[in-house]
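Okay, final-v1.txt is below, compact mmCIF, C-alpha atoms:
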# COMPACT_ATOMS: atom_id res chain seq x y z
CA MET A 1 -38.73 -68.82 -10.00
CA LEU A 2 -37.52 -65.92 -7.95
CA LEU A 3 -34.11 -64.49 -8.58
CA ILE A 4 -32.68 -62.20 -5.96
CA THR A 5 -29.55 -60.32 -6.71
CA PHE A 6 -27.44 -58.65 -4.11
CA LEU A 7 -25.21 -55.90 -5.24
CA GLY A 8 -22.30 -55.05 -3.10
CA SER A 9 -20.84 -51.67 -3.39
CA SER A 10 -18.03 -49.90 -1.77
CA CYS A 11 -19.13 -46.57 -0.43
CA THR A 12 -16.69 -43.77 -0.05
CA TYR A 13 -17.34 -40.69 1.95
CA SER A 14 -15.69 -37.36 1.40
CA ASN A 15 -16.12 -33.84 2.64
CA VAL A 16 -15.12 -30.93 0.46
CA TYR A 17 -14.16 -27.61 2.00
CA VAL A 18 -13.71 -24.56 -0.21
CA ASN A 19 -11.68 -21.48 0.72
CA ARG A 20 -11.17 -22.32 4.38
CA GLU A 21 -9.05 -19.71 6.11
CA GLU A 22 -6.75 -22.43 7.48
CA ASP A 23 -6.03 -23.73 3.97
CA ASN A 24 -5.47 -20.21 2.64
CA ASN A 25 -2.99 -19.49 5.46
CA ASN A 26 -1.08 -22.69 4.64
CA GLY A 27 -1.09 -21.71 0.97
CA LYS A 28 0.44 -18.34 1.83
CA ILE A 29 3.28 -20.15 3.62
CA PHE A 30 4.10 -21.98 0.39
CA LEU A 31 3.83 -18.75 -1.64
CA ASN A 32 6.25 -17.02 0.73
CA LYS A 33 8.70 -19.91 0.40
CA PHE A 34 8.38 -19.96 -3.39
CA TYR A 35 8.91 -16.22 -3.82
CA ALA A 36 11.68 -16.09 -1.18
CA ASN A 37 13.59 -18.56 -3.35
CA ILE A 38 12.97 -16.36 -6.40
CA ALA A 39 14.13 -13.26 -4.50
CA ASP A 40 17.32 -15.13 -3.51
CA LYS A 41 17.67 -16.45 -7.07
CA ASN A 42 17.79 -19.94 -5.58
CA TYR A 43 16.35 -21.64 -8.66
CA GLU A 44 17.56 -25.06 -7.57
CA ALA A 45 15.32 -24.82 -4.48
CA VAL A 46 12.40 -23.77 -6.73
CA ASP A 47 12.93 -26.89 -8.85
CA GLY A 48 12.65 -28.91 -5.62
CA LEU A 49 9.15 -27.51 -5.09
CA VAL A 50 7.89 -28.61 -8.51
CA GLY A 51 5.62 -31.65 -8.66
CA ASP A 52 6.22 -34.65 -10.92
CA SER A 53 3.35 -33.88 -13.33
CA LEU A 54 4.70 -30.37 -14.03
CA LYS A 55 8.25 -31.73 -14.36
CA GLN A 56 7.00 -34.13 -17.04
CA LEU A 57 5.43 -31.24 -18.97
CA ALA A 58 8.12 -28.59 -18.51
CA GLY A 59 11.22 -30.70 -17.95
CA ALA A 60 13.23 -31.22 -14.78
CA ASN A 61 14.26 -27.56 -14.60
CA GLY A 62 11.67 -26.00 -16.89
CA VAL A 63 10.13 -23.79 -14.21
CA SER A 64 13.49 -22.39 -13.12
CA LYS A 65 14.38 -21.67 -16.77
CA MET A 66 11.15 -19.70 -17.11
CA LEU A 67 11.83 -17.82 -13.86
CA LYS A 68 15.33 -16.93 -15.07
CA LEU A 69 13.83 -15.61 -18.32
CA ILE A 70 11.34 -13.52 -16.35
CA ASN A 71 14.19 -12.18 -14.22
CA ASN A 72 16.16 -11.24 -17.36
CA LYS A 73 13.14 -9.46 -18.88
CA VAL A 74 11.64 -7.62 -15.90
CA GLY A 75 14.41 -7.53 -13.30
CA ASN A 76 14.53 -8.70 -9.73
CA TYR A 77 11.51 -9.85 -7.77
CA LYS A 78 10.17 -7.25 -5.30
CA SER A 79 6.82 -8.43 -3.89
CA TYR A 80 3.49 -10.05 -4.64
CA ALA A 81 -0.14 -9.26 -3.88
CA ILE A 82 -2.95 -11.82 -3.98
CA ASP A 83 -5.75 -10.80 -6.37
CA ASP A 84 -7.83 -13.92 -5.84
CA HIS A 85 -7.55 -17.43 -4.47
CA TYR A 86 -9.36 -20.75 -4.51
CA THR A 87 -8.53 -23.58 -2.12
CA GLN A 88 -10.22 -26.95 -1.96
CA CYS A 89 -9.70 -29.51 0.76
CA ILE A 90 -11.03 -33.03 0.21
CA THR A 91 -11.16 -35.34 3.24
CA GLY A 92 -12.36 -38.91 3.52
CA SER A 93 -11.24 -41.80 1.37
CA LYS A 94 -9.12 -39.32 -0.58
CA ASN A 95 -7.27 -36.58 1.28
CA GLU A 96 -5.92 -33.73 -0.80
CA ILE A 97 -5.69 -29.95 -0.66
CA SER A 98 -5.36 -27.87 -3.82
CA TYR A 99 -4.39 -24.22 -3.83
CA ASN A 100 -4.79 -21.74 -6.69
CA TYR A 101 -3.71 -18.11 -6.55
CA LYS A 102 -3.99 -15.21 -8.95
CA LEU A 103 -1.24 -12.71 -8.15
CA LYS A 104 0.14 -9.33 -9.12
CA VAL A 105 3.90 -9.76 -8.82
CA THR A 106 6.12 -6.70 -8.76
CA TYR A 107 9.56 -6.78 -10.37
CA ASP A 108 12.08 -3.97 -11.05
CA LYS A 109 10.50 -3.02 -14.38
CA GLY A 110 6.84 -3.53 -13.56
CA ILE A 111 4.05 -5.90 -12.63
CA VAL A 112 3.47 -9.40 -13.98
CA ASP A 113 0.16 -11.26 -13.65
CA GLU A 114 0.91 -14.73 -12.34
CA ILE A 115 -1.27 -17.73 -11.63
CA ILE A 116 0.19 -20.43 -9.43
CA GLY A 117 -1.29 -23.75 -8.39
CA PHE A 118 -0.03 -26.38 -5.99
CA LYS A 119 -1.31 -29.48 -4.19
CA LYS A 120 -0.78 -31.32 -0.95
CA PRO A 121 -1.72 -34.98 -1.44
CA ASN A 122 -2.75 -37.14 1.53
CA GLY A 123 -0.59 -35.38 4.11
CA GLY A 124 2.44 -35.33 1.80
CA GLU A 125 4.59 -32.44 0.69
CA VAL A 126 3.12 -29.41 -1.04
CA LYS A 127 4.23 -29.40 -4.69
CA LEU A 128 3.81 -26.87 -7.49
CA ASN A 129 1.61 -28.21 -10.28
CA SER A 130 0.97 -25.10 -12.39
CA TYR A 131 2.60 -21.75 -13.05
CA HIS A 132 1.64 -19.09 -15.55
CA ALA A 133 3.09 -15.59 -16.04
CA ASN A 134 1.59 -12.95 -18.31
CA SER A 135 2.71 -9.41 -19.07
CA ASP A 136 3.49 -7.25 -22.06
CA LEU A 137 6.88 -6.72 -20.37
CA LEU A 138 7.72 -10.36 -21.15
CA ILE A 139 7.30 -10.00 -24.92
CA GLN A 140 9.44 -6.90 -25.40

With the file now loaded, output its structure as structure tokens.
Amino acid sequence: MLLITFLGSSCTYSNVYVNREEDNNNGKIFLNKFYANIADKNYEAVDGLVGDSLKQLAGANGVSKMLKLINNKVGNYKSYAIDDHYTQCITGSKNEISYNYKLKVTYDKGIVDEIIGFKKPNGGEVKLNSYHANSDLLIQ
């Protein structure tokens, strides 16, 4: 007796692009928007840029609370410089772009190392999904 089995599978096809200039330029647009809101002390607008997963971890206005604390400790935002970046664009059955930046951010009292991550899912809105600030200035 001969038993023939046919297995059906669903194939998905994706391309992954890393550090494309186009994606980096789009990431810089978001960074400029994010830090313009910080410069204007428009923390409500910053909260609007935060993604749902980060809101669940930090609370609805957790990021703005942290930014206010940073402002109280190190003064007003002045500028940022990109130390490093990593972007990844996935196209195919899943479409998503993730952006990660390591920054030196200048405030009145000095420089803070910041790492910021955000995603753009399937043509949707870009949303902040990670934010980290580190400096000895913040613990004084």

Using only C-alpha atoms, list the residues that have an atom at most 12 Å from (6.3, -34.4, 0.8), coordinates as in the file, as an MDAnalysis selection string. chainID A and resid 48:52 119:128

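Near stretch 69-75 of chain A, within 7 Å and counting all atoms listed in the file, sit Lys65, Tyr107, Asp108, Lys109, Gly110, Leu137 and Leu138 of chain A, not including residues fewer than 4 positions from it in the same chain.
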
Counting only C-alpha atoms, what is within 7 Å of stretch 37-41 of chain A, bar same-chain residues fewer than 4 positions away, as a PyMOL selection string? chain A and resi 33+45-46+76-77

Point-to-point distance in Å for atom CA of A:Val18 and atom CA of A:Ile90: 8.9 Å

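Among the candidates A:Lys104, A:His132, A:Lys68, A:Arg20, the one nearest to A:Gln88 when counting only C-alpha atoms is A:Arg20.
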